[in-house]
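Trainee: Below is query_6.cif; it holds mmCIF, C-alpha atoms.
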```
data_query
#
loop_
_atom_site.group_PDB
_atom_site.id
_atom_site.type_symbol
_atom_site.label_atom_id
_atom_site.label_comp_id
_atom_site.auth_asym_id
_atom_site.auth_seq_id
_atom_site.Cartn_x
_atom_site.Cartn_y
_atom_site.Cartn_z
ATOM 1 C CA MET A 242 59.244 13.391 30.205
ATOM 2 C CA THR A 243 60.829 16.554 31.599
ATOM 3 C CA VAL A 244 57.809 18.048 33.364
ATOM 4 C CA ASP A 245 56.584 17.714 36.947
ATOM 5 C CA LEU A 246 52.928 16.770 36.462
ATOM 6 C CA GLY A 247 52.150 17.950 39.969
ATOM 7 C CA LYS A 248 52.713 21.512 38.772
ATOM 8 C CA ILE A 249 50.451 21.280 35.708
ATOM 9 C CA ARG A 250 47.000 22.709 36.378
ATOM 10 C CA ALA A 251 45.579 23.227 32.890
ATOM 11 C CA LEU A 252 45.657 21.591 29.475
ATOM 12 C CA THR A 253 45.070 23.911 26.523
ATOM 13 C CA PHE A 254 44.022 22.107 23.358
ATOM 14 C CA ASP A 255 44.405 22.953 19.743
ATOM 15 C CA VAL A 256 41.257 21.561 18.140
ATOM 16 C CA GLY A 257 41.434 22.150 14.375
ATOM 17 C CA GLY A 258 43.098 18.910 13.304
ATOM 18 C CA THR A 259 44.089 17.797 16.794
ATOM 19 C CA VAL A 260 40.586 17.156 18.163
ATOM 20 C CA PHE A 261 38.333 17.780 15.166
ATOM 21 C CA ASP A 262 38.847 15.890 11.907
ATOM 22 C CA TRP A 263 38.305 18.797 9.562
ATOM 23 C CA HIS A 264 39.655 17.119 6.406
ATOM 24 C CA HIS A 265 37.316 14.160 6.204
ATOM 25 C CA GLY A 266 34.315 16.226 7.266
ATOM 26 C CA ILE A 267 34.917 18.800 4.533
ATOM 27 C CA ARG A 268 35.839 16.150 1.968
ATOM 28 C CA ASP A 269 32.676 14.157 2.601
ATOM 29 C CA GLU A 270 30.417 17.224 2.446
ATOM 30 C CA VAL A 271 31.952 18.355 -0.848
ATOM 31 C CA ALA A 272 31.666 14.826 -2.239
ATOM 32 C CA ARG A 273 28.000 14.704 -1.192
ATOM 33 C CA LEU A 274 27.343 18.030 -2.886
ATOM 34 C CA ALA A 275 29.105 16.907 -6.074
ATOM 35 C CA ALA A 276 27.141 13.654 -6.179
ATOM 36 C CA ALA A 277 23.860 15.523 -5.729
ATOM 37 C CA ARG A 278 24.759 17.656 -8.745
ATOM 38 C CA GLY A 279 26.022 14.783 -10.821
ATOM 39 C CA VAL A 280 29.509 16.213 -11.240
ATOM 40 C CA SER A 281 32.987 14.957 -10.466
ATOM 41 C CA VAL A 282 35.416 16.876 -8.238
ATOM 42 C CA ASP A 283 38.470 15.991 -6.179
ATOM 43 C CA ALA A 284 36.825 16.515 -2.804
ATOM 44 C CA ALA A 285 39.984 15.757 -0.823
ATOM 45 C CA LYS A 286 41.926 18.346 -2.818
ATOM 46 C CA PHE A 287 39.119 20.853 -2.300
ATOM 47 C CA ALA A 288 39.257 20.328 1.472
ATOM 48 C CA ASN A 289 43.014 20.812 1.678
ATOM 49 C CA GLU A 290 43.000 23.862 -0.598
ATOM 50 C CA TRP A 291 40.264 25.465 1.486
ATOM 51 C CA ARG A 292 42.087 24.906 4.772
ATOM 52 C CA ARG A 293 45.390 26.070 3.292
ATOM 53 C CA GLU A 294 43.865 29.247 1.857
ATOM 54 C CA MET A 295 42.245 30.059 5.210
ATOM 55 C CA PHE A 296 45.706 30.156 6.756
ATOM 56 C CA VAL A 297 46.931 32.373 3.928
ATOM 57 C CA GLN A 298 44.131 34.782 4.800
ATOM 58 C CA LEU A 299 44.884 34.455 8.527
ATOM 59 C CA GLY A 300 48.519 35.311 7.822
ATOM 60 C CA GLN A 301 47.383 38.482 6.100
ATOM 61 C CA VAL A 302 45.315 39.388 9.153
ATOM 62 C CA ARG A 303 48.314 38.791 11.406
ATOM 63 C CA GLY A 304 50.456 40.888 9.072
ATOM 64 C CA GLY A 305 47.995 43.767 9.025
ATOM 65 C CA THR A 306 47.115 43.616 5.318
ATOM 66 C CA LEU A 307 43.589 42.456 6.143
ATOM 67 C CA PRO A 308 41.378 43.795 8.950
ATOM 68 C CA TRP A 309 40.729 41.650 12.005
ATOM 69 C CA MET A 310 38.180 38.902 11.374
ATOM 70 C CA ASN A 311 37.280 35.564 12.869
ATOM 71 C CA ALA A 312 37.627 32.099 11.370
ATOM 72 C CA ASP A 313 34.092 32.041 9.964
ATOM 73 C CA GLU A 314 34.882 35.132 7.926
ATOM 74 C CA LEU A 315 38.293 33.763 6.980
ATOM 75 C CA HIS A 316 36.812 30.467 5.820
ATOM 76 C CA ARG A 317 34.224 32.307 3.738
ATOM 77 C CA ARG A 318 36.845 34.518 2.080
ATOM 78 C CA ALA A 319 39.028 31.476 1.443
ATOM 79 C CA LEU A 320 36.113 29.642 -0.154
ATOM 80 C CA ASP A 321 35.759 32.435 -2.712
ATOM 81 C CA VAL A 322 39.381 31.830 -3.703
ATOM 82 C CA VAL A 323 39.127 28.046 -3.855
ATOM 83 C CA ALA A 324 35.691 27.556 -5.436
ATOM 84 C CA PRO A 325 36.744 28.682 -8.958
ATOM 85 C CA ASN A 326 39.374 25.921 -8.957
ATOM 86 C CA HIS A 327 36.496 23.429 -8.822
ATOM 87 C CA ALA A 328 34.152 25.073 -11.294
ATOM 88 C CA ALA A 329 32.119 21.912 -11.918
ATOM 89 C CA LEU A 330 30.393 22.480 -8.578
ATOM 90 C CA ALA A 331 29.107 25.863 -9.803
ATOM 91 C CA LEU A 332 28.787 27.193 -6.269
ATOM 92 C CA SER A 333 26.544 30.239 -5.971
ATOM 93 C CA GLU A 334 26.903 32.765 -3.159
ATOM 94 C CA ASP A 335 24.123 31.004 -1.265
ATOM 95 C CA ASP A 336 25.805 27.643 -1.865
ATOM 96 C CA ARG A 337 29.041 28.994 -0.460
ATOM 97 C CA ASP A 338 27.307 30.419 2.598
ATOM 98 C CA ALA A 339 25.697 27.038 3.238
ATOM 99 C CA LEU A 340 28.904 25.082 2.662
ATOM 100 C CA ASN A 341 30.770 27.359 5.059
ATOM 101 C CA THR A 342 28.594 26.060 7.896
ATOM 102 C CA ILE A 343 30.169 22.580 7.629
ATOM 103 C CA TRP A 344 32.960 23.857 9.900
ATOM 104 C CA HIS A 345 30.344 23.957 12.667
ATOM 105 C CA ARG A 346 29.655 20.221 12.315
ATOM 106 C CA LEU A 347 33.157 18.765 12.353
ATOM 107 C CA GLY A 348 33.536 15.280 13.755
ATOM 108 C CA ALA A 349 35.968 14.486 16.551
ATOM 109 C CA TRP A 350 38.671 11.873 16.137
ATOM 110 C CA PRO A 351 37.289 8.608 17.581
ATOM 111 C CA ASP A 352 39.869 8.350 20.370
ATOM 112 C CA PHE A 353 39.099 11.758 21.883
ATOM 113 C CA PRO A 354 35.531 11.879 23.325
ATOM 114 C CA ALA A 355 36.127 9.109 25.874
ATOM 115 C CA THR A 356 39.527 10.557 26.826
ATOM 116 C CA LEU A 357 38.359 14.077 27.643
ATOM 117 C CA PRO A 358 36.489 13.066 30.844
ATOM 118 C CA ARG A 359 39.596 11.199 32.018
ATOM 119 C CA LEU A 360 41.714 14.323 31.609
ATOM 120 C CA ARG A 361 39.126 16.516 33.334
ATOM 121 C CA GLN A 362 39.407 14.401 36.470
ATOM 122 C CA ARG A 363 42.787 15.995 37.166
ATOM 123 C CA TYR A 364 43.249 18.987 34.893
ATOM 124 C CA THR A 365 41.335 22.047 33.777
ATOM 125 C CA THR A 366 40.774 21.325 30.102
ATOM 126 C CA THR A 367 40.286 24.210 27.733
ATOM 127 C CA VAL A 368 40.426 25.026 24.049
ATOM 128 C CA LEU A 369 42.968 27.510 22.680
ATOM 129 C CA THR A 370 42.277 27.849 18.973
ATOM 130 C CA VAL A 371 42.302 30.096 15.945
ATOM 131 C CA LEU A 372 38.817 28.803 15.163
ATOM 132 C CA SER A 373 35.840 30.926 16.155
ATOM 133 C CA PHE A 374 33.933 30.504 19.392
ATOM 134 C CA ALA A 375 30.889 29.491 17.375
ATOM 135 C CA ILE A 376 32.755 26.778 15.457
ATOM 136 C CA VAL A 377 34.149 25.237 18.637
ATOM 137 C CA VAL A 378 30.875 25.466 20.562
ATOM 138 C CA ASP A 379 28.855 23.951 17.730
ATOM 139 C CA SER A 380 31.345 21.205 16.857
ATOM 140 C CA SER A 381 31.794 20.363 20.551
ATOM 141 C CA LYS A 382 28.033 20.007 20.982
ATOM 142 C CA HIS A 383 27.944 17.950 17.778
ATOM 143 C CA ASN A 384 30.333 15.464 19.416
ATOM 144 C CA GLY A 385 29.058 15.674 23.002
ATOM 145 C CA LEU A 386 32.289 17.240 24.285
ATOM 146 C CA SER A 387 32.242 19.092 27.600
ATOM 147 C CA TRP A 388 35.177 21.431 28.195
ATOM 148 C CA ASP A 389 35.944 23.451 31.296
ATOM 149 C CA ALA A 390 36.412 26.484 29.064
ATOM 150 C CA ILE A 391 36.676 27.519 25.432
ATOM 151 C CA THR A 392 39.101 30.214 24.386
ATOM 152 C CA SER A 393 39.258 31.562 20.846
ATOM 153 C CA CYS A 394 42.014 33.811 19.579
ATOM 154 C CA GLU A 395 39.320 35.923 17.945
ATOM 155 C CA VAL A 396 39.014 37.909 21.222
ATOM 156 C CA PHE A 397 42.756 38.512 21.680
ATOM 157 C CA ASP A 398 43.620 40.564 18.579
ATOM 158 C CA HIS A 399 46.379 37.976 18.216
ATOM 159 C CA TYR A 400 46.239 34.637 16.491
ATOM 160 C CA LYS A 401 48.464 31.705 17.284
ATOM 161 C CA PRO A 402 51.388 31.379 16.891
ATOM 162 C CA ASP A 403 51.764 34.905 18.329
ATOM 163 C CA LYS A 404 53.164 34.686 21.855
ATOM 164 C CA GLU A 405 50.409 36.931 23.144
ATOM 165 C CA ALA A 406 47.739 34.385 22.177
ATOM 166 C CA TYR A 407 49.206 31.721 24.459
ATOM 167 C CA LEU A 408 49.867 34.129 27.328
ATOM 168 C CA ARG A 409 46.397 35.641 27.238
ATOM 169 C CA GLY A 410 44.853 32.185 27.004
ATOM 170 C CA VAL A 411 46.461 30.950 30.197
ATOM 171 C CA LYS A 412 45.941 34.261 31.978
ATOM 172 C CA LEU A 413 42.186 33.863 31.511
ATOM 173 C CA LEU A 414 42.469 30.564 33.392
ATOM 174 C CA GLY A 415 44.328 32.169 36.275
ATOM 175 C CA VAL A 416 47.395 30.008 35.773
ATOM 176 C CA LYS A 417 51.010 30.773 34.983
ATOM 177 C CA PRO A 418 52.454 29.641 31.639
ATOM 178 C CA GLU A 419 54.557 26.993 33.388
ATOM 179 C CA GLU A 420 51.379 25.600 34.967
ATOM 180 C CA ALA A 421 49.787 24.962 31.569
ATOM 181 C CA MET A 422 50.429 22.374 28.869
ATOM 182 C CA MET A 423 49.546 22.940 25.219
ATOM 183 C CA VAL A 424 48.252 19.819 23.471
ATOM 184 C CA ALA A 425 48.448 19.695 19.677
ATOM 185 C CA CYS A 426 49.318 17.616 16.638
ATOM 186 C CA HIS A 427 51.178 20.509 15.014
ATOM 187 C CA ALA A 428 54.811 20.902 15.966
ATOM 188 C CA GLY A 429 54.808 24.589 15.038
ATOM 189 C CA ASP A 430 51.967 25.316 17.457
ATOM 190 C CA LEU A 431 53.813 23.513 20.256
ATOM 191 C CA ARG A 432 57.114 25.252 19.540
ATOM 192 C CA ALA A 433 55.387 28.638 19.775
ATOM 193 C CA ALA A 434 53.682 27.582 23.014
ATOM 194 C CA ALA A 435 57.005 26.458 24.464
ATOM 195 C CA ALA A 436 58.554 29.794 23.509
ATOM 196 C CA ALA A 437 55.751 31.450 25.513
ATOM 197 C CA GLY A 438 56.642 29.348 28.552
ATOM 198 C CA LEU A 439 54.010 26.607 28.349
ATOM 199 C CA HIS A 440 54.724 22.903 28.596
ATOM 200 C CA THR A 441 53.897 20.828 25.533
ATOM 201 C CA ALA A 442 52.265 17.529 24.578
ATOM 202 C CA TYR A 443 52.353 16.130 21.069
ATOM 203 C CA VAL A 444 49.597 13.794 19.857
ATOM 204 C CA PRO A 445 49.957 12.644 16.226
ATOM 205 C CA ARG A 446 47.034 12.771 13.833
ATOM 206 C CA PRO A 447 48.690 11.104 10.818
ATOM 207 C CA THR A 448 45.684 11.438 8.509
ATOM 208 C CA GLU A 449 44.816 15.028 9.399
ATOM 209 C CA SER A 450 45.295 16.198 5.805
ATOM 210 C CA GLY A 451 43.935 13.007 4.243
ATOM 211 C CA ASP A 452 44.776 9.355 4.088
ATOM 212 C CA GLY A 453 48.419 9.855 3.108
ATOM 213 C CA PRO A 454 51.292 10.838 5.432
ATOM 214 C CA ALA A 455 50.969 14.204 7.132
ATOM 215 C CA GLY A 456 54.516 15.216 6.302
ATOM 216 C CA ASP A 457 57.387 16.619 8.322
ATOM 217 C CA ILE A 458 55.630 19.935 8.962
ATOM 218 C CA PHE A 459 53.546 18.260 11.658
ATOM 219 C CA ALA A 460 56.191 16.014 13.179
ATOM 220 C CA PRO A 461 58.307 16.695 16.266
ATOM 221 C CA ALA A 462 62.066 16.525 16.204
ATOM 222 C CA ASN A 463 64.629 15.515 18.801
ATOM 223 C CA ARG A 464 66.909 17.805 20.738
ATOM 224 C CA ALA A 465 70.660 17.636 20.201
ATOM 225 C CA ASP A 466 70.929 15.156 23.073
ATOM 226 C CA GLY A 467 68.423 12.838 21.407
ATOM 227 C CA THR A 468 65.512 13.553 23.749
ATOM 228 C CA PRO A 469 62.104 14.584 22.334
ATOM 229 C CA GLU A 470 61.666 18.319 21.877
ATOM 230 C CA PHE A 471 58.263 18.234 23.600
ATOM 231 C CA ASP A 472 57.564 17.336 27.221
ATOM 232 C CA VAL A 473 55.136 14.554 26.355
ATOM 233 C CA VAL A 474 54.975 12.600 23.096
ATOM 234 C CA ALA A 475 51.948 10.301 23.027
ATOM 235 C CA ALA A 476 50.835 7.690 20.519
ATOM 236 C CA ASP A 477 47.186 8.788 20.731
ATOM 237 C CA PHE A 478 44.763 10.394 23.185
ATOM 238 C CA PRO A 479 44.308 7.407 25.505
ATOM 239 C CA ASP A 480 48.091 7.162 25.703
ATOM 240 C CA LEU A 481 48.256 10.884 26.500
ATOM 241 C CA ALA A 482 45.869 10.423 29.420
ATOM 242 C CA THR A 483 47.943 7.537 30.740
ATOM 243 C CA ARG A 484 51.158 9.533 30.442
ATOM 244 C CA LEU A 485 49.492 12.405 32.298
ATOM 245 C CA GLY A 486 48.548 10.132 35.163
ATOM 246 C CA VAL A 487 44.815 9.682 34.619
#
```
In structure tokens, write the structure found in this file.
Mentor:
Amino acid sequence: MTVDLGKIRALTFDVGGTVFDWHHGIRDEVARLAAARGVSVDAAKFANEWRREMFVQLGQVRGGTLPWMNADELHRRALDVVAPNHAALALSEDDRDALNTIWHRLGAWPDFPATLPRLRQRYTTTVLTVLSFAIVVDSSKHNGLSWDAITSCEVFDHYKPDKEAYLRGVKLLGVKPEEAMMVACHAGDLRAAAAAGLHTAYVPRPTESGDGPAGDIFAPANRADGTPEFDVVAADFPDLATRLGV
């Protein structure tokens, strides 16, 4: 660890994948819908395609080829792209609107709910996410999670991994970048946060995209001297709390 914990005042959490288990929630809802209709679909593939296409759409927003919109709108647009790949479901417009609400009922990873109160004993804990305010509020209530604050990039006109998203997020908390620590399971998110001046904590979620390995895109690397590239590398959320002194 290369950070003085006495100087860290706030923890900013990614939640899509890090805190909320989007894949299994989406997979199970699609599987339930398919079973009710008596059809067969690859629900896990559907979930991953939907998430992936949302980030394609988000990239177009960041690049200026689509107007600004929040994650609910991005998910709905992405669903229109993905649904024809799974035609057996025969999703109508109303079906798609209803299915899009599953993002508001995402389950939390089992090791997180009991860890959040531990972290709040010492740190201001807040969300910094590309997901909408409504998604985070609803999914947090669904899991009984109490944050000190929720921050969505939808109000910044910048989505992560833009530097401005991290800087505006910590500014709202009244802390300097070096007084904040970004917590995520995505190495790219943490690298962008570090470039903005925040400290970083990596917590693996090896089944984020399903029951197979997450792949190198999510994994941290080591620096040239062999030390971890992030300030804290934890095995899970209880281990993170222990490493952060609570």
Trainee: Pick from A:Leu485, A:Ala425, A:Ala331, A:Val411: nearest to Arg278 (chain A), with all atoms listed in the file counted?
Mentor: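 Among the listed residues, A:Ala331 lies closest to Arg278 (chain A).
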Trainee: As a list in words, please: the residues near region 369-376 of chain A (cut-off 6 Å, only C-alpha atoms, same-chain neighbours under 2 positions excluded).
Mentor: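 Near region 369-376 of chain A, the qualifying residues are Thr253, Phe254, Asp255, Asn311, Ala312, His345, Val378, Asp379, Ser380, Thr392, Ser393 and Cys394 of chain A.
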Trainee: In terms of the shortest atom-to-atom distance over only C-alpha atoms, which of A:Asp477, A:Glu334, A:Asp269, A:Asp472 is closest to Pro447 (chain A)?
Mentor: A:Asp477
Trainee: Check what the PyMOL selection byres ((chain A and resi 324) around 12) selects in the file above and give those residues as a count of residues only.
Mentor: 33
Trainee: Grab the CA of Arg268 (chain A) to CA of Trp344 (chain A) distance for me, in Å with one decimal place.
Mentor: 11.4 Å
Trainee: Excluding region 359-365 of chain A and residues on its chain fewer than 3 positions from it, collect all residues at most 6 Å away from it, counting all atoms listed in the file, and give them as a PyMOL selection string.
Mentor: chain A and resi 250-251+356
Trainee: Excluding Ile249 (chain A) and residues on its chain fewer than 4 positions from it, collect all residues at most 10 Å away from it, counting only C-alpha atoms, and give them as a VMD selection string.
Mentor: chain A and resid 244 to 245 363 to 365 416 to 422 439 to 440 485
Trainee: Just to be explicit: take each residue in the selection above, keep C-alpha atoms, and write the result as a JSON list (two decimals), in the frame of the given file.
Mentor:
```
[["chain", "number", "residue", "atom", "x", "y", "z"],
["A", 244, "VAL", "CA", 57.81, 18.05, 33.36],
["A", 245, "ASP", "CA", 56.58, 17.71, 36.95],
["A", 363, "ARG", "CA", 42.79, 16.00, 37.17],
["A", 364, "TYR", "CA", 43.25, 18.99, 34.89],
["A", 365, "THR", "CA", 41.34, 22.05, 33.78],
["A", 416, "VAL", "CA", 47.40, 30.01, 35.77],
["A", 417, "LYS", "CA", 51.01, 30.77, 34.98],
["A", 418, "PRO", "CA", 52.45, 29.64, 31.64],
["A", 419, "GLU", "CA", 54.56, 26.99, 33.39],
["A", 420, "GLU", "CA", 51.38, 25.60, 34.97],
["A", 421, "ALA", "CA", 49.79, 24.96, 31.57],
["A", 422, "MET", "CA", 50.43, 22.37, 28.87],
["A", 439, "LEU", "CA", 54.01, 26.61, 28.35],
["A", 440, "HIS", "CA", 54.72, 22.90, 28.60],
["A", 485, "LEU", "CA", 49.49, 12.40, 32.30]]
```
Trainee: In the coordinates of the file, take the point (51.7, 10.5, 24.7) and a cut-off of 12 Å; then, counting only C-alpha atoms, name each qualifying protein, DNA or RNA residue as number ranges by chain.
Mentor: A: 242, 424-426, 441-445, 469, 471-486
Trainee: Next, write the just-selected residues to a file, as an mmCIF file, keeping the file's coordinate frame, keeping C-alpha atoms as the atom set.
Mentor:
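As a result, selection.cif now contains:
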```cif
data_model
loop_
_atom_site.group_PDB
_atom_site.id
_atom_site.type_symbol
_atom_site.label_atom_id
_atom_site.label_comp_id
_atom_site.auth_asym_id
_atom_site.auth_seq_id
_atom_site.Cartn_x
_atom_site.Cartn_y
_atom_site.Cartn_z
ATOM 1 C CA MET A 242 59.244 13.391 30.205
ATOM 2 C CA VAL A 424 48.252 19.819 23.471
ATOM 3 C CA ALA A 425 48.448 19.695 19.677
ATOM 4 C CA CYS A 426 49.318 17.616 16.638
ATOM 5 C CA THR A 441 53.897 20.828 25.533
ATOM 6 C CA ALA A 442 52.265 17.529 24.578
ATOM 7 C CA TYR A 443 52.353 16.130 21.069
ATOM 8 C CA VAL A 444 49.597 13.794 19.857
ATOM 9 C CA PRO A 445 49.957 12.644 16.226
ATOM 10 C CA PRO A 469 62.104 14.584 22.334
ATOM 11 C CA PHE A 471 58.263 18.234 23.600
ATOM 12 C CA ASP A 472 57.564 17.336 27.221
ATOM 13 C CA VAL A 473 55.136 14.554 26.355
ATOM 14 C CA VAL A 474 54.975 12.600 23.096
ATOM 15 C CA ALA A 475 51.948 10.301 23.027
ATOM 16 C CA ALA A 476 50.835 7.690 20.519
ATOM 17 C CA ASP A 477 47.186 8.788 20.731
ATOM 18 C CA PHE A 478 44.763 10.394 23.185
ATOM 19 C CA PRO A 479 44.308 7.407 25.505
ATOM 20 C CA ASP A 480 48.091 7.162 25.703
ATOM 21 C CA LEU A 481 48.256 10.884 26.500
ATOM 22 C CA ALA A 482 45.869 10.423 29.420
ATOM 23 C CA THR A 483 47.943 7.537 30.740
ATOM 24 C CA ARG A 484 51.158 9.533 30.442
ATOM 25 C CA LEU A 485 49.492 12.405 32.298
ATOM 26 C CA GLY A 486 48.548 10.132 35.163
#
```
Trainee: Expressed in Å to a single decimal, how great is the separation between CA of Asp352 (chain A) and CA of Lys412 (chain A)?
Mentor: 29.0 Å
Trainee: Between CA of Gln301 (chain A) and CA of Asp335 (chain A), what is the distance, to one decimal in Å?
Mentor: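 So the answer is 25.5 Å.
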Trainee: I'd like the contact shell of Phe261 (chain A) - 7 Å cut-off, only C-alpha atoms, skipping same-chain residues fewer than 4 positions apart - returned as a list in words.
Mentor: Val256, Gly257, Leu347, Gly348, Ala349 and Trp350 of chain A
Trainee: Need to verify the contact set: Ile343 (chain A), 8 Å, all atoms listed in the file, exclusion of same-chain residues closer than 3 positions in sequence. Can you return it as a ChimeraX atom specification?
Mentor: /A:266-267,270,339-340,346-347
Trainee: How big is the axis-aligned box around the listed atoms of region 254-272 of chain A once 8 Å is added on each side, and where is its centre? Give both in Å to one decimal, as JSON.
Mentor:
```
{"center_x": 37.4, "center_y": 18.6, "center_z": 10.6, "size_x": 30.0, "size_y": 24.8, "size_z": 41.6}
```
Trainee: Could you write out as number ranges by chain the residues that the PyMOL selection byres ((chain A and resi 309) around 12) matches in the shown file?
Mentor: A: 298-308, 310-315, 394-400
